[in-house]
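*Asks:* Pasting final12.cif below, which is mmCIF, C-alpha atoms.
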```
data_coords
#
loop_
_atom_site.label_atom_id
_atom_site.label_comp_id
_atom_site.auth_asym_id
_atom_site.auth_seq_id
_atom_site.Cartn_x
_atom_site.Cartn_y
_atom_site.Cartn_z
CA MET A 30 -153.72 -23.51 -242.97
CA LYS A 31 -153.69 -26.43 -240.54
CA ASN A 32 -150.52 -25.14 -238.90
CA SER A 33 -152.02 -21.70 -238.27
CA ILE A 34 -155.17 -23.27 -236.77
CA LEU A 35 -153.06 -25.48 -234.49
CA LEU A 36 -150.87 -22.54 -233.51
CA GLY A 37 -153.98 -20.50 -232.66
CA PHE A 38 -155.38 -23.39 -230.62
CA PHE A 39 -152.16 -23.78 -228.62
CA LEU A 40 -151.87 -20.04 -228.01
CA CYS A 41 -155.46 -19.84 -226.78
CA SER A 42 -155.09 -22.89 -224.56
CA ALA A 43 -151.84 -21.50 -223.13
CA LEU A 44 -153.58 -18.24 -222.25
CA ALA A 45 -156.55 -20.07 -220.77
CA THR A 46 -154.39 -22.41 -218.68
CA PRO A 47 -153.69 -21.07 -215.22
CA ALA A 48 -150.17 -19.70 -215.19
CA GLU A 49 -147.91 -20.80 -212.41
CA PHE A 50 -146.32 -18.25 -210.14
CA ARG A 51 -142.62 -19.00 -210.27
CA GLY A 52 -141.37 -15.88 -208.56
CA LEU A 53 -137.81 -14.62 -208.56
CA ARG A 54 -134.52 -15.94 -207.33
CA PRO A 55 -134.27 -14.55 -203.78
CA HIS A 56 -131.36 -12.22 -203.08
CA ALA A 57 -128.36 -13.96 -201.54
CA SER A 58 -128.90 -11.94 -198.38
CA ARG A 59 -132.05 -10.46 -196.94
CA ALA A 60 -129.95 -7.34 -196.30
CA ASP A 61 -130.02 -6.73 -200.08
CA TYR A 62 -133.64 -5.54 -199.77
CA SER A 63 -134.58 -2.03 -198.63
CA VAL A 64 -136.12 -3.28 -195.39
CA THR A 65 -136.29 -6.58 -193.49
CA CYS A 66 -138.35 -7.58 -190.46
CA PHE A 67 -138.05 -10.78 -188.44
CA THR A 68 -140.08 -13.17 -186.37
CA GLU A 69 -138.65 -16.09 -184.43
CA SER A 70 -138.85 -18.30 -187.52
CA ILE A 71 -138.80 -16.13 -190.68
CA GLY A 72 -137.43 -12.96 -192.18
CA VAL A 73 -139.64 -10.94 -194.53
CA ALA A 74 -137.84 -8.45 -196.77
CA ALA A 75 -139.19 -5.90 -199.26
CA THR A 76 -138.16 -3.28 -201.79
CA LEU A 77 -140.49 -0.78 -203.48
CA LEU A 78 -139.81 -0.68 -207.23
CA ARG A 79 -139.23 2.70 -208.86
CA SER A 80 -141.42 3.80 -211.75
CA ASP A 81 -138.63 3.30 -214.32
CA GLN A 82 -138.04 -0.25 -213.05
CA ILE A 83 -141.75 -1.08 -213.38
CA ARG A 84 -141.89 0.29 -216.93
CA GLN A 85 -138.80 -1.69 -217.93
CA LEU A 86 -140.05 -4.96 -216.43
CA PHE A 87 -143.78 -4.80 -217.14
CA GLY A 88 -144.60 -1.78 -219.33
CA PRO A 89 -146.32 1.58 -218.89
CA GLU A 90 -149.80 0.16 -218.16
CA ILE A 91 -148.53 -1.47 -214.98
CA ASP A 92 -146.50 1.61 -214.05
CA HIS A 93 -149.57 3.86 -214.31
CA GLY A 94 -151.93 1.52 -212.47
CA TYR A 95 -149.93 -0.37 -209.83
CA ILE A 96 -147.39 -0.03 -207.07
CA VAL A 97 -144.99 -2.98 -207.30
CA VAL A 98 -143.14 -4.41 -204.31
CA GLU A 99 -140.50 -7.12 -204.44
CA VAL A 100 -140.87 -9.41 -201.41
CA GLY A 101 -138.50 -12.09 -200.13
CA PHE A 102 -139.01 -14.72 -197.40
CA TYR A 103 -136.19 -16.40 -195.52
CA SER A 104 -136.54 -19.23 -193.00
CA LYS A 105 -134.43 -18.66 -189.91
CA ASN A 106 -134.70 -22.22 -188.56
CA ARG A 107 -135.52 -24.23 -191.72
CA SER A 108 -139.11 -24.79 -190.61
CA THR A 109 -141.89 -24.72 -193.19
CA PHE A 110 -143.91 -21.52 -193.54
CA GLU A 111 -146.86 -20.43 -195.69
CA VAL A 112 -146.60 -17.68 -198.31
CA ARG A 113 -149.96 -16.11 -199.27
CA HIS A 114 -150.77 -12.87 -201.07
CA ALA A 115 -153.77 -12.38 -198.76
CA ASP A 116 -151.34 -11.88 -195.84
CA PHE A 117 -150.17 -8.55 -197.32
CA ALA A 118 -151.62 -5.05 -197.47
CA LEU A 119 -150.02 -1.81 -198.62
CA ARG A 120 -150.79 1.33 -196.64
CA ASN A 121 -150.43 4.88 -197.92
CA ARG A 122 -148.86 6.41 -194.83
CA PRO A 123 -150.42 9.88 -194.85
CA SER A 124 -154.01 8.68 -195.43
CA ARG A 125 -153.67 5.23 -193.80
CA THR A 126 -155.60 3.70 -196.75
CA LEU A 127 -155.01 -0.07 -197.02
CA VAL A 128 -154.87 -1.87 -200.37
CA LYS A 129 -154.65 -5.64 -200.88
CA PRO A 130 -152.53 -7.07 -203.73
CA ALA A 131 -154.25 -7.51 -207.08
CA ASP A 132 -154.58 -10.93 -208.68
CA PRO A 133 -151.88 -11.00 -211.41
CA LYS A 134 -154.05 -13.17 -213.67
CA VAL A 135 -156.78 -10.52 -213.57
CA ILE A 136 -154.21 -7.81 -214.31
CA VAL A 137 -152.90 -9.71 -217.35
CA ALA A 138 -156.43 -10.36 -218.63
CA SER A 139 -157.19 -6.62 -218.49
CA LEU A 140 -154.13 -5.56 -220.49
CA PRO A 141 -154.32 -4.90 -224.25
CA LYS A 142 -151.14 -6.98 -224.69
CA PRO A 143 -150.44 -9.83 -222.23
CA VAL A 144 -147.35 -9.45 -220.05
CA HIS A 145 -146.54 -13.05 -219.14
CA ALA A 146 -143.52 -11.98 -217.06
CA LEU A 147 -145.99 -10.41 -214.64
CA VAL A 148 -147.53 -13.74 -213.67
CA GLU A 149 -144.25 -15.66 -213.85
CA ARG A 150 -142.48 -13.23 -211.49
CA THR A 151 -145.29 -12.90 -208.96
CA LEU A 152 -144.53 -14.05 -205.42
CA PRO A 153 -145.44 -17.76 -205.40
CA GLU A 154 -148.11 -18.89 -202.95
CA THR A 155 -146.62 -21.97 -201.36
CA ALA A 156 -145.60 -23.80 -198.23
CA THR A 157 -141.82 -24.01 -198.08
CA SER A 158 -138.76 -23.94 -195.87
CA ALA A 159 -136.57 -22.48 -198.64
CA ALA A 160 -136.08 -18.81 -199.45
CA VAL A 161 -138.69 -17.51 -201.89
CA ALA A 162 -139.21 -14.14 -203.61
CA GLY A 163 -141.41 -12.38 -206.13
CA TYR A 164 -143.45 -9.29 -206.91
CA LEU A 165 -146.78 -8.14 -205.50
CA PHE A 166 -148.94 -5.65 -207.43
CA PHE A 167 -151.06 -3.14 -205.51
CA PRO A 168 -153.61 -0.98 -207.37
CA ILE A 169 -152.89 2.74 -207.12
CA THR A 170 -155.80 4.28 -205.24
CA GLU A 171 -154.28 7.68 -204.39
CA ALA A 172 -151.94 9.83 -206.42
CA ASN A 173 -148.74 11.35 -205.10
CA ALA A 174 -148.20 9.12 -202.09
CA SER A 175 -144.84 9.85 -200.54
CA PHE A 176 -144.46 6.94 -198.16
CA TYR A 177 -145.84 3.40 -197.92
CA GLU A 178 -145.91 0.66 -195.33
CA LEU A 179 -146.22 -3.01 -196.23
CA ASP A 180 -148.17 -4.93 -193.60
CA TYR A 181 -147.62 -8.67 -193.30
CA THR A 182 -149.94 -10.73 -191.08
CA GLY A 183 -149.09 -14.33 -191.92
CA ASN A 184 -147.60 -17.20 -189.94
CA GLY A 185 -148.74 -15.75 -186.62
CA ALA A 186 -146.87 -12.49 -187.19
CA TRP A 187 -147.81 -8.87 -187.69
CA LEU A 188 -144.96 -7.00 -189.31
CA THR A 189 -144.87 -3.51 -190.82
CA LEU A 190 -142.15 -2.81 -193.35
CA PRO A 191 -141.67 0.92 -194.15
CA LEU A 192 -141.14 1.54 -197.88
CA LYS A 193 -139.88 4.81 -199.34
CA PRO A 194 -140.19 5.66 -203.04
#
```
Show me, as structure tokens, the structure contained in the file I just sent.
*Replies:*
Amino acid sequence: MKNSILLGFFLCSALATPAEFRGLRPHASRADYSVTCFTESIGVAATLLRSDQIRQLFGPEIDHGYIVVEVGFYSKNRSTFEVRHADFALRNRPSRTLVKPADPKVIVASLPKPVHALVERTLPETATSAAVAGYLFFPITEANASFYELDYTGNGAWLTLPLKP
């Protein structure tokens, strides 16, 4: 009885504790992403995940509700740069509708069954000079979009990365 109470306590406290965004291991080359754009100091790369990839990684709830983009940052001159989710927006090309990334902790809290990999693999928000990568989750606001653009406006840049499904 005591063990089950302790186990319940630890599970609840683990869910209540803010999860850390660890991200993904960046690809060895920024050319391994679908598209890459550069500034004088950084390269920002992105790949739009297919529906089957989203289902496999995160389940059908995420596939039906979110567009998932893998993003990688690479420093060109080893200077420190900021990575923030707020610097991104996804645009549905035909309608020009902009959507900001959803908070992964809010997404997980709304799911019937927690998907901890979602938070763990989210693009970390950090200041770094090393390569960093992770996923961003954009709520689906329009059905049947055929083309997206990922806007990045951080670190004094304004980059548009075209993403095709």
*Asks:* Kindly give the distance, in Å, that separates CA of Ser70 in chain A and CA of Asn106 in chain A, rounded to a single decimal.
*Replies:*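 These atoms are spaced 5.8 Å apart.
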*Asks:* Which of these residues is nearest to Arg79 in chain A, using all atoms listed in the file: A:Cys66, A:Ile136, A:Ala160, A:Val98?
*Replies:*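 Using all atoms listed in the file, Arg79 in chain A sits closest to A:Val98.
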*Asks:* Please measure the separation of CA of Val73 in chain A and CA of Phe167 in chain A, giving the value in Å to one decimal.
*Replies:*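 CA of Val73 in chain A sits 17.7 Å away from CA of Phe167 in chain A.
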*Asks:* On this file, the PyMOL selection byres ((chain A and resi 127) around 12) gives some set of residues; write that set as a ChimeraX atom specification.
*Replies:* /A:117-126,128-130,167-171,177-181
*Asks:* Closest to Pro133 in chain A among A:Gly183, A:Pro55, A:Pro89, A:Gly163, using all atoms listed in the file?
*Replies:* A:Gly163
*Asks:* Any idea what the distance is between CA of Ser63 in chain A and CA of Lys193 in chain A?
*Replies:*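 Between CA of Ser63 in chain A and CA of Lys193 in chain A the gap works out to 8.7 Å.
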*Asks:* Could you tell me which residues the PyMOL selection byres ((chain A and resi 71) around 6) grabs in this file, written as an MDAnalysis selection string?
*Replies:* chainID A and resid 67:68 70 72 103:105
*Asks:* Selection in question (the file shown): the PyMOL selection byres ((chain A and resi 155) around 8). Which residues does it include, as a list in words?
*Replies:*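 Selected by the PyMOL selection byres ((chain A and resi 155) around 8) here: Glu111, Val112, Arg113, Pro153, Glu154, Ala156 and Thr157 of chain A.
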*Asks:* Excluding Thr65 in chain A and residues on its chain fewer than 3 positions from it, collect all residues at most 10 Å away from it, counting all atoms listed in the file, and give them as JSON, numbers by chain.
*Replies:* {"A": [59, 60, 61, 62, 72, 73, 74, 75, 76, 100, 101, 102, 188, 189, 190, 191]}
*Asks:* Check the smallest atom-to-atom distance from each of A:Leu77, A:Ser139, A:Ser175, A:Leu152 to Arg51 in chain A using all atoms listed in the file, then report the winner.
*Replies:*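 Checking each candidate against Arg51 in chain A, we get A:Leu152 as the closest.
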